>>> print(open('run_15.cif').read())   # mmCIF, C-alpha atoms and all ligand atoms
data_upload
#
loop_
_atom_site.label_atom_id
_atom_site.label_comp_id
_atom_site.auth_asym_id
_atom_site.auth_seq_id
_atom_site.Cartn_x
_atom_site.Cartn_y
_atom_site.Cartn_z
CA MET T 393 -13.05 21.12 4.26
CA ALA T 394 -14.44 18.63 6.76
CA LEU T 395 -13.39 19.07 10.38
CA ARG T 396 -11.67 15.70 10.37
CA GLU T 397 -9.53 16.69 7.37
CA GLN T 398 -8.64 19.97 9.05
CA ILE T 399 -7.61 18.13 12.20
CA GLU T 400 -5.54 15.65 10.21
CA GLY T 401 -3.91 18.59 8.41
CA VAL T 402 -3.04 20.21 11.72
CA ILE T 403 -1.60 16.96 13.07
CA ALA T 404 0.47 16.51 9.90
CA GLN T 405 1.89 20.01 10.27
CA VAL T 406 2.71 19.41 13.93
CA LYS T 407 4.43 16.14 13.06
CA THR T 408 6.49 17.88 10.39
CA LEU T 409 7.63 20.53 12.84
CA ARG T 410 8.40 17.83 15.42
CA GLU T 411 10.50 15.84 12.92
CA GLN T 412 12.44 19.05 12.22
CA GLY T 413 13.20 19.27 15.92
CA GLU T 414 10.75 21.98 16.96
CA THR T 415 9.33 21.47 20.43
CA HIS T 416 7.21 24.59 20.82
CA LEU T 417 4.81 26.55 18.67
CA TYR T 418 3.58 30.14 18.98
CA LEU T 419 -0.22 30.40 19.03
CA GLU T 420 -2.52 33.38 19.34
CA ASP T 421 -4.91 33.21 22.30
CA ALA T 422 -7.87 33.09 19.92
CA THR T 423 -6.42 30.09 18.08
CA LEU T 424 -5.78 28.31 21.34
CA ALA T 425 -9.36 28.94 22.39
CA GLU T 426 -10.62 27.38 19.13
CA LEU T 427 -8.35 24.36 19.57
CA ARG T 428 -9.59 23.84 23.10
CA LYS T 429 -13.09 23.46 21.69
CA LEU T 430 -11.83 20.55 19.54
CA ALA T 431 -10.18 18.74 22.42
CA PRO T 432 -11.97 15.75 23.93
CA LYS T 433 -13.71 16.54 27.21
CA ASN T 434 -11.21 14.53 29.28
CA ALA T 435 -8.10 15.77 27.44
CA LYS T 436 -5.35 17.15 29.61
CA PRO T 437 -5.22 20.90 29.18
CA ILE T 438 -2.65 22.49 26.89
CA ALA T 439 0.35 23.24 29.04
CA PRO T 440 0.54 26.86 30.13
CA ALA T 441 3.38 28.60 28.39
CA PRO T 442 6.47 29.36 30.44
CA SER T 443 6.34 33.01 31.45
CA HIS T 444 9.18 34.00 29.12
CA THR T 445 7.47 32.50 26.06
CA THR T 446 3.93 33.76 26.16
CA GLY T 447 1.87 31.96 23.56
CA ALA T 448 4.29 29.06 23.16
CA VAL T 449 2.77 25.63 23.65
CA SER T 450 4.44 22.27 23.62
CA LEU T 451 3.91 20.53 20.30
CA GLY T 452 2.98 17.39 22.20
CA ASP T 453 0.22 19.12 24.09
CA PHE T 454 -0.89 20.88 20.96
CA ALA T 455 -1.08 17.65 19.01
CA HIS T 456 -2.97 16.08 21.88
CA ALA T 457 -5.52 18.86 21.95
CA ALA T 458 -5.86 18.86 18.19
CA SER T 459 -6.34 15.11 17.91
CA ALA T 460 -9.64 13.58 16.98
CA PRO T 461 -11.71 12.92 20.10
CA ALA T 462 -10.83 9.25 20.48
CA SER T 463 -7.11 9.85 20.01
CA ARG T 464 -4.60 9.37 22.77
CA GLY T 465 -2.50 12.20 21.39
CA ILE T 466 1.02 12.41 20.03
CA PRO T 467 4.04 12.96 22.26
CA ALA T 468 6.02 16.12 21.63
CA LYS T 469 8.86 14.46 19.71
CA PRO T 470 9.75 10.92 18.92
CA SER T 471 11.49 11.42 22.21
CA VAL T 472 12.99 8.21 23.43
CA ARG T 473 13.83 9.47 26.89
CA ALA T 474 10.67 11.47 27.39
CA ALA T 475 8.58 8.51 26.37
CA SER T 476 10.32 6.31 28.89
CA VAL T 477 8.59 8.14 31.71
CA ALA T 478 5.39 6.30 30.97
CA HIS T 479 5.65 2.81 32.49
CA ASP T 480 3.66 0.13 30.77
CA ASP T 481 3.13 -2.98 32.90
CA THR T 482 2.04 -4.99 29.90
CA ILE T 483 5.59 -4.93 28.47
CA PRO T 484 7.89 -7.45 30.16
CA GLU T 485 11.67 -7.41 30.17
CA PRO T 486 13.24 -7.71 26.69
CA PRO T 487 13.68 -11.28 25.45
CA VAL T 488 17.08 -12.89 25.95
CA PHE T 489 18.05 -15.48 23.36
CA GLU T 490 20.87 -16.74 21.19
CA LEU T 491 20.63 -17.44 17.51
CA PRO T 492 20.90 -21.16 16.77
CA ALA T 493 23.90 -22.54 14.90
CA GLY T 494 23.42 -22.69 11.15
CA ASP T 495 23.64 -20.59 8.06
CA LYS T 496 22.05 -17.15 7.65
CA GLN T 497 18.86 -18.51 6.16
CA ALA T 498 18.37 -21.06 8.94
CA GLN T 499 19.01 -18.43 11.60
CA TRP T 500 16.67 -15.95 9.93
CA ASN T 501 13.91 -18.58 9.59
CA TRP T 502 14.27 -19.41 13.28
CA LEU T 503 14.18 -15.76 14.29
CA ARG T 504 11.18 -14.99 12.07
CA GLU T 505 9.24 -17.87 13.60
CA LYS T 506 10.19 -16.65 17.07
CA VAL T 507 9.08 -13.07 16.37
CA LEU T 508 5.87 -14.01 14.57
CA GLY T 509 5.00 -16.28 17.48
CA CYS T 510 6.11 -13.84 20.18
CA PRO T 511 3.24 -13.70 22.70
CA VAL T 512 4.07 -10.12 23.74
CA CYS T 513 4.11 -8.86 20.12
CA ASN T 514 0.88 -10.71 19.37
CA GLY T 515 -0.67 -9.52 22.61
CA HIS T 516 -0.33 -5.91 21.49
CA LEU T 517 -2.02 -6.28 18.12
CA HIS T 518 -5.34 -4.82 17.12
CA PRO T 519 -7.74 -7.58 15.98
CA ASN T 520 -6.91 -8.97 12.53
CA ARG T 521 -3.52 -7.29 12.45
CA LYS T 522 -0.15 -9.00 12.06
CA VAL T 523 3.24 -8.93 13.71
CA VAL T 524 5.69 -7.50 11.16
CA PHE T 525 9.18 -8.92 10.63
CA GLY T 526 11.95 -7.64 8.34
CA VAL T 527 12.24 -8.53 4.66
CA GLY T 528 14.94 -8.49 2.01
CA SER T 529 18.33 -9.92 1.23
CA LEU T 530 20.23 -11.63 4.01
CA ASP T 531 23.41 -10.49 2.23
CA ALA T 532 22.32 -6.87 1.91
CA ASP T 533 24.95 -4.18 2.32
CA ILE T 534 22.29 -1.62 3.25
CA PHE T 535 19.82 -2.22 6.08
CA PHE T 536 16.95 0.28 6.30
CA CYS T 537 15.53 0.52 9.80
CA GLY T 538 12.20 2.25 10.38
CA GLU T 539 10.16 2.92 13.46
CA ALA T 540 7.13 0.65 13.60
CA PRO T 541 4.63 -0.84 11.18
CA GLY T 542 1.76 1.44 10.23
CA MET T 543 -1.73 0.26 9.51
CA ASP T 544 -1.02 -1.05 5.97
CA GLU T 545 2.02 -2.93 7.21
CA SER T 546 0.20 -4.55 10.11
CA VAL T 547 -2.60 -5.63 7.77
CA GLN T 548 -0.19 -7.13 5.23
CA GLY T 549 2.48 -8.30 7.68
CA GLU T 550 5.28 -6.64 5.71
CA PRO T 551 7.32 -3.52 6.54
CA PHE T 552 7.05 -0.35 4.48
CA VAL T 553 4.25 -1.25 2.09
CA GLY T 554 1.95 1.74 2.76
CA PRO T 555 2.39 5.21 1.25
CA ALA T 556 5.67 5.85 3.11
CA GLY T 557 6.88 2.41 2.08
CA GLN T 558 6.05 3.05 -1.55
CA LEU T 559 8.14 6.20 -1.42
CA LEU T 560 10.96 4.29 0.25
CA THR T 561 10.75 1.68 -2.52
CA LYS T 562 11.04 4.45 -5.15
CA MET T 563 14.11 5.82 -3.39
CA ILE T 564 15.67 2.35 -3.27
CA VAL T 565 15.03 1.93 -7.01
CA ALA T 566 16.54 5.40 -7.65
CA MET T 567 19.65 4.11 -5.88
CA GLY T 568 19.83 1.40 -8.54
CA LEU T 569 18.72 -1.24 -6.04
CA SER T 570 15.53 -3.16 -5.33
CA ARG T 571 13.57 -4.05 -2.20
CA GLU T 572 14.89 -7.59 -2.63
CA SER T 573 18.54 -6.50 -2.68
CA VAL T 574 18.43 -4.45 0.54
CA TYR T 575 17.03 -5.36 3.97
CA ILE T 576 14.07 -3.48 5.44
CA GLY T 577 13.12 -3.78 9.09
CA ASN T 578 11.65 -1.81 11.95
CA ILE T 579 12.64 -1.28 15.55
CA MET T 580 9.14 -2.38 16.54
CA ASN T 581 7.46 -5.55 15.35
CA TRP T 582 3.96 -4.37 16.10
CA ARG T 583 2.07 -1.16 15.47
CA PRO T 584 1.86 0.67 18.80
CA LYS T 585 -1.70 0.38 19.97
CA GLN T 586 -3.84 3.49 19.99
CA ALA T 587 -7.52 4.16 20.32
CA THR T 588 -7.91 5.46 16.79
CA GLU T 589 -6.90 4.22 13.33
CA VAL T 590 -5.89 7.80 12.40
CA GLY T 591 -2.14 8.42 12.43
CA ASN T 592 0.53 6.41 14.19
CA ARG T 593 1.66 6.71 17.78
CA PRO T 594 5.45 6.71 18.27
CA PRO T 595 6.51 3.70 20.33
CA LYS T 596 7.29 4.07 24.02
CA GLN T 597 10.77 3.35 25.30
CA GLN T 598 9.67 0.10 26.95
CA GLU T 599 8.08 -1.08 23.72
CA MET T 600 11.27 -0.36 21.80
CA ASP T 601 13.41 -1.94 24.51
CA PHE T 602 11.37 -5.10 24.19
CA CYS T 603 11.77 -5.31 20.40
CA LEU T 604 15.41 -4.18 20.23
CA PRO T 605 16.90 -7.70 20.61
CA TYR T 606 14.89 -8.73 17.55
CA ILE T 607 16.29 -5.99 15.29
CA LYS T 608 19.79 -6.57 16.73
CA ALA T 609 19.48 -10.25 15.86
CA GLN T 610 18.43 -9.36 12.30
CA LEU T 611 21.49 -7.12 12.05
CA ALA T 612 23.68 -9.92 13.42
CA ILE T 613 22.41 -12.24 10.70
CA VAL T 614 22.52 -9.83 7.74
CA LYS T 615 25.75 -8.10 8.80
CA PRO T 616 25.14 -5.06 6.57
CA LYS T 617 27.84 -2.49 5.87
CA VAL T 618 25.46 0.41 6.55
CA ILE T 619 22.28 1.01 8.53
CA VAL T 620 20.05 3.80 7.28
CA ALA T 621 17.94 4.87 10.27
CA LEU T 622 14.68 6.27 8.94
CA GLY T 623 13.43 9.05 11.18
CA GLY T 624 14.09 10.25 14.68
CA THR T 625 12.52 7.32 16.47
CA ALA T 626 14.69 4.77 14.67
CA ALA T 627 17.84 6.87 15.09
CA ASN T 628 17.25 7.59 18.77
CA GLY T 629 15.95 4.10 19.44
CA LEU T 630 19.13 2.52 18.07
CA LEU T 631 21.66 5.07 19.26
CA ALA T 632 20.01 5.66 22.67
CA PRO T 633 21.70 8.99 23.42
CA ALA T 634 21.32 10.46 26.91
CA GLU T 635 19.23 13.25 25.39
CA PRO T 636 17.28 12.49 22.21
CA TYR T 637 18.93 13.80 19.08
CA ARG T 638 17.11 16.24 16.82
CA MET T 639 16.95 14.90 13.32
CA GLY T 640 17.92 18.26 11.85
CA ALA T 641 21.19 18.01 13.78
CA ILE T 642 22.12 14.41 13.02
CA ARG T 643 20.78 13.52 9.58
CA GLY T 644 23.59 12.85 7.14
CA LYS T 645 26.13 12.31 9.93
CA TRP T 646 27.80 8.98 10.57
CA PHE T 647 27.35 6.99 13.78
CA GLN T 648 28.06 3.42 14.80
CA PHE T 649 25.61 0.83 16.04
CA GLU T 650 26.95 -2.56 17.13
CA GLY T 651 30.06 -1.87 15.06
CA ILE T 652 28.06 -1.02 11.92
CA ASP T 653 28.12 2.41 10.24
CA LEU T 654 24.75 4.12 10.72
CA ILE T 655 23.42 7.19 8.93
CA PRO T 656 20.17 8.80 10.07
CA THR T 657 17.89 10.42 7.53
CA TYR T 658 14.35 11.76 7.53
CA HIS T 659 11.55 9.22 7.51
CA PRO T 660 9.78 8.88 4.12
CA SER T 661 6.51 9.87 5.80
CA TYR T 662 8.15 13.22 6.58
CA LEU T 663 8.78 13.66 2.85
CA LEU T 664 5.14 12.85 2.15
CA ARG T 665 4.09 15.64 4.49
CA ASN T 666 6.80 18.05 3.40
CA GLN T 667 7.14 17.95 -0.36
CA LEU T 668 9.86 20.60 -0.59
CA MET T 669 12.57 19.69 -3.08
CA SER T 670 15.16 20.79 -0.52
CA GLU T 671 13.99 18.14 1.98
CA ARG T 672 13.97 15.44 -0.70
CA ARG T 673 17.47 16.47 -1.66
CA LYS T 674 18.65 16.12 1.96
CA VAL T 675 17.36 12.57 2.14
CA TRP T 676 18.82 11.83 -1.28
CA GLU T 677 22.23 13.13 -0.19
CA ASP T 678 22.08 10.81 2.83
CA LEU T 679 21.27 7.91 0.54
CA LEU T 680 24.12 8.88 -1.81
CA ALA T 681 26.44 8.87 1.21
CA ALA T 682 25.18 5.38 2.10
CA MET T 683 25.78 4.22 -1.49
CA GLU T 684 29.31 5.58 -1.46
CA ARG T 685 30.03 4.02 1.93
CA VAL T 686 29.13 0.56 0.63
CA GLY T 687 31.04 1.09 -2.63
CA LEU T 688 28.08 1.40 -5.01
CA PRO T 689 28.72 3.45 -8.16
CA VAL T 690 26.92 6.80 -8.30
CA SER T 691 26.14 8.15 -11.77
CA GLU T 692 26.14 11.84 -12.67
CA LYS T 693 22.40 11.58 -13.19
CA GLN T 694 21.93 10.16 -9.70
CA ARG T 695 24.16 12.82 -8.22
CA GLY T 696 21.92 15.51 -9.70
CA PHE T 697 18.55 14.24 -8.43
CA PHE T 698 16.45 16.86 -6.61
CA LEU T 699 18.89 19.65 -7.36
CA LYS T 700 17.15 22.84 -8.38
CA LYS T 701 17.70 23.70 -12.05
N1 LIG T 801 6.76 3.50 8.99
C1 LIG T 801 7.74 2.77 9.57
O1 LIG T 801 8.55 3.30 10.30
N2 LIG T 801 7.79 1.49 9.28
C2 LIG T 801 6.94 0.88 8.46
O2 LIG T 801 7.06 -0.34 8.22
C3 LIG T 801 5.94 1.66 7.86
C4 LIG T 801 5.86 2.97 8.14
#
>>> encode(input="run_15.cif", output="structure tokens")
Amino acid sequence: MALREQIEGVIAQVKTLREQGETHLYLEDATLAELRKLAPKNAKPIAPAPSHTTGAVSLGDFAHAASAPASRGIPAKPSVRAASVAHDDTIPEPPVFELPAGDKQAQWNWLREKVLGCPVCNGHLHPNRKVVFGVGSLDADIFFCGEAPGMDESVQGEPFVGPAGQLLTKMIVAMGLSRESVYIGNIMNWRPKQATEVGNRPPKQQEMDFCLPYIKAQLAIVKPKVIVALGGTAANGLLAPAEPYRMGAIRGKWFQFEGIDLIPTYHPSYLLRNQLMSERRKVWEDLLAAMERVGLPVSEKQRGFFLKK
């Protein structure tokens, strides 16, 4: 296997563990030594393990060391609070605006124009990439909220169209719905910039703070009955707890955001990395709960999806 594939495999594993809420990983000294050889020359060293956990390294540091040379690394968790430590002067204060009078469609058109023309969003794009705004029904009962556009999305200018998006679309169809009958948006309207095209960097707190009024405005227009927060970044970004929640602890539980019921579930990209039936079932149960909450019928067949025979 090529070195690049091995590195990508390692990063995928680390991301999976991070999504499950792990923050540290036990490594043999010899393994650490090999990983150090892969790290770019100017990479910050892997954090020494606390004395009581010899061999344990932070997943963030590990991911950083294991990244391809041009990579800026992956923070330990989609940690909203931890990320906020890094101050980015290129992100101004969040926009303050009011939706114009008019019907849903007129308001949405106005907002879409505003976001697509937003100089800050556009200023953070890679060349030939697009700002990504939400899509779907303005009367949707279910509003899926993801983290940030990936590469496919920022090329096409539409949320959730890459591999994770295709899986999300299959899940929506399994619910008896379509992409057109739900609403699909992201906390972020641009793909967080990074030095490499490999992988996606979780957004920083300031980046999310800037985009939050845009997703709130979309919610104010659509007025869904339920928000499904896809992944830890979306859940923590919307709920803004004092300490970031671990997805393993909150998925399938009900919260409120701006007076709307919100259920966090694992991000579809997590399911692409972790193909266990048990993980698919967890997400499916969260989606069944969302269906029930909005009053959609659930057939016996649907109830049995991803259950072991
Ligand atoms: N991941 C997200 O969170 N959003 C997208 O639009 C695509 C991938």
>>> closest_residue(input="run_15.cif", among="T:Arg638, T:Arg665, T:Lys608, T:Lys562", to="Val488 in chain T", atoms="all atoms listed in the file")
T:Lys608
>>> closest_atom_pairs(input="run_15.cif", of="chain T", to="ligand LIG 801 (chain T)", cutoff="6 Å", atoms="all atoms listed in the file", output="tab-separated table")
residue	atom	partner	partner_atom	distance
T:Gly538	CA	T:LIG801	O1	3.8
T:Glu539	CA	T:LIG801	O1	3.6
T:Ala540	CA	T:LIG801	N2	4.5
T:Pro541	CA	T:LIG801	O2	3.9
T:Gly542	CA	T:LIG801	C3	4.8
T:Glu545	CA	T:LIG801	O2	5.8
T:Pro551	CA	T:LIG801	O2	3.6
T:Phe552	CA	T:LIG801	O2	3.7
T:Ala556	CA	T:LIG801	C4	5.8
T:Gly557	CA	T:LIG801	C3	5.9
T:Asn578	CA	T:LIG801	N2	5.7
>>> atom_distance(input="run_15.cif", atom1="CA of Ser546 in chain T", atom2="CA of Ser661 in chain T")
16.3 Å
>>> atom_distance(input="run_15.cif", atom1="CA of Thr561 in chain T", atom2="CA of Leu530 in chain T")
17.6 Å
>>> closest_residue(input="run_15.cif", among="T:Gln586, T:Ser691, T:Gln598, T:Ser529", to="Thr482 in chain T", atoms="all atoms listed in the file")
T:Gln598
>>> closest_residue(input="run_15.cif", among="T:Ile655, T:Leu630, T:Ile607, T:Leu517", to="Trp500 in chain T", atoms="only C-alpha atoms")
T:Ile607
>>> atom_distance(input="run_15.cif", atom1="CA of Phe602 in chain T", atom2="CA of Pro487 in chain T")
6.7 Å
>>> closest_residue(input="run_15.cif", among="T:Pro511, T:Gly623, T:Pro605, T:Gly687", to="Phe489 in chain T", atoms="all atoms listed in the file")
T:Pro605
>>> closest_residue(input="run_15.cif", among="T:Gln558, T:Gln497, T:Asn581, T:Gln597", to="Cys510 in chain T", atoms="only C-alpha atoms")
T:Asn581
>>> residues_around(input="run_15.cif", residues="range 609-621 of chain T", least_positions_apart="2", cutoff="6 Å", atoms="all atoms listed in the file", output="number ranges by chain")
T: 496, 530-537, 605-607, 626-627, 653-656
>>> closest_residue(input="run_15.cif", among="T:Met683, T:Met543, T:Val527, T:Leu664", to="Glu572 in chain T", atoms="only C-alpha atoms")
T:Val527
>>> axis_aligned_box(input="run_15.cif", around="range 692-700 of chain T", padding_each_side="4 Å", output="lines of an AutoDock Vina configuration file")
center_x = 21.3
center_y = 16.5
center_z = -9.9
size_x = 17.7
size_y = 20.7
size_z = 14.6
>>> decode(input="run_15.cif", residues="range 592-615 of chain T", atoms="N, CA and C atoms", output="mmCIF file, in the first residue's frame")
data_model
loop_
_atom_site.group_PDB
_atom_site.id
_atom_site.type_symbol
_atom_site.label_atom_id
_atom_site.label_comp_id
_atom_site.auth_asym_id
_atom_site.auth_seq_id
_atom_site.Cartn_x
_atom_site.Cartn_y
_atom_site.Cartn_z
ATOM 1 N N ASN T 592 -10.781 17.022 5.553
ATOM 2 C CA ASN T 592 -11.435 18.294 5.844
ATOM 3 C C ASN T 592 -11.052 18.744 7.237
ATOM 4 N N ARG T 593 -10.754 20.036 7.364
ATOM 5 C CA ARG T 593 -10.426 20.569 8.691
ATOM 6 C C ARG T 593 -11.722 20.997 9.375
ATOM 7 N N PRO T 594 -11.928 20.599 10.641
ATOM 8 C CA PRO T 594 -13.121 21.109 11.333
ATOM 9 C C PRO T 594 -13.028 22.635 11.463
ATOM 10 N N PRO T 595 -14.160 23.315 11.362
ATOM 11 C CA PRO T 595 -14.113 24.781 11.471
ATOM 12 C C PRO T 595 -13.704 25.248 12.855
ATOM 13 N N LYS T 596 -13.084 26.443 12.894
ATOM 14 C CA LYS T 596 -12.756 27.043 14.185
ATOM 15 C C LYS T 596 -14.004 27.738 14.729
ATOM 16 N N GLN T 597 -13.959 27.986 16.038
ATOM 17 C CA GLN T 597 -15.102 28.633 16.679
ATOM 18 C C GLN T 597 -15.468 29.950 16.000
ATOM 19 N N GLN T 598 -14.440 30.762 15.699
ATOM 20 C CA GLN T 598 -14.717 32.073 15.094
ATOM 21 C C GLN T 598 -15.382 31.929 13.722
ATOM 22 N N GLU T 599 -14.939 30.906 12.987
ATOM 23 C CA GLU T 599 -15.545 30.671 11.672
ATOM 24 C C GLU T 599 -17.017 30.303 11.833
ATOM 25 N N MET T 600 -17.276 29.423 12.810
ATOM 26 C CA MET T 600 -18.678 29.020 13.029
ATOM 27 C C MET T 600 -19.503 30.184 13.549
ATOM 28 N N ASP T 601 -18.896 30.972 14.450
ATOM 29 C CA ASP T 601 -19.631 32.130 14.985
ATOM 30 C C ASP T 601 -20.050 33.050 13.855
ATOM 31 N N PHE T 602 -19.140 33.223 12.886
ATOM 32 C CA PHE T 602 -19.453 34.125 11.779
ATOM 33 C C PHE T 602 -20.647 33.604 10.976
ATOM 34 N N CYS T 603 -20.664 32.302 10.715
ATOM 35 C CA CYS T 603 -21.717 31.735 9.840
ATOM 36 C C CYS T 603 -23.023 31.448 10.566
ATOM 37 N N LEU T 604 -22.973 31.399 11.898
ATOM 38 C CA LEU T 604 -24.174 31.000 12.660
ATOM 39 C C LEU T 604 -25.421 31.832 12.327
ATOM 40 N N PRO T 605 -25.304 33.165 12.199
ATOM 41 C CA PRO T 605 -26.529 33.925 11.855
ATOM 42 C C PRO T 605 -27.154 33.460 10.547
ATOM 43 N N TYR T 606 -26.338 32.944 9.632
ATOM 44 C CA TYR T 606 -26.886 32.494 8.352
ATOM 45 C C TYR T 606 -27.708 31.213 8.516
ATOM 46 N N ILE T 607 -27.231 30.280 9.332
ATOM 47 C CA ILE T 607 -28.007 29.041 9.512
ATOM 48 C C ILE T 607 -29.244 29.336 10.376
ATOM 49 N N LYS T 608 -29.070 30.254 11.346
ATOM 50 C CA LYS T 608 -30.236 30.630 12.173
ATOM 51 C C LYS T 608 -31.319 31.258 11.304
ATOM 52 N N ALA T 609 -30.895 32.079 10.345
ATOM 53 C CA ALA T 609 -31.874 32.734 9.469
ATOM 54 C C ALA T 609 -32.575 31.691 8.597
ATOM 55 N N GLN T 610 -31.825 30.674 8.151
ATOM 56 C CA GLN T 610 -32.466 29.611 7.352
ATOM 57 C C GLN T 610 -33.494 28.869 8.213
ATOM 58 N N LEU T 611 -33.136 28.635 9.482
ATOM 59 C CA LEU T 611 -34.079 27.972 10.384
ATOM 60 C C LEU T 611 -35.313 28.846 10.621
ATOM 61 N N ALA T 612 -35.083 30.153 10.716
ATOM 62 C CA ALA T 612 -36.203 31.074 10.960
ATOM 63 C C ALA T 612 -37.153 31.089 9.770
ATOM 64 N N ILE T 613 -36.623 30.879 8.578
ATOM 65 C CA ILE T 613 -37.480 30.867 7.386
ATOM 66 C C ILE T 613 -38.222 29.533 7.285
ATOM 67 N N VAL T 614 -37.477 28.436 7.389
ATOM 68 C CA VAL T 614 -38.072 27.108 7.173
ATOM 69 C C VAL T 614 -39.001 26.714 8.329
ATOM 70 N N LYS T 615 -38.600 27.116 9.536
ATOM 71 C CA LYS T 615 -39.372 26.728 10.741
ATOM 72 C C LYS T 615 -39.641 25.222 10.777
#
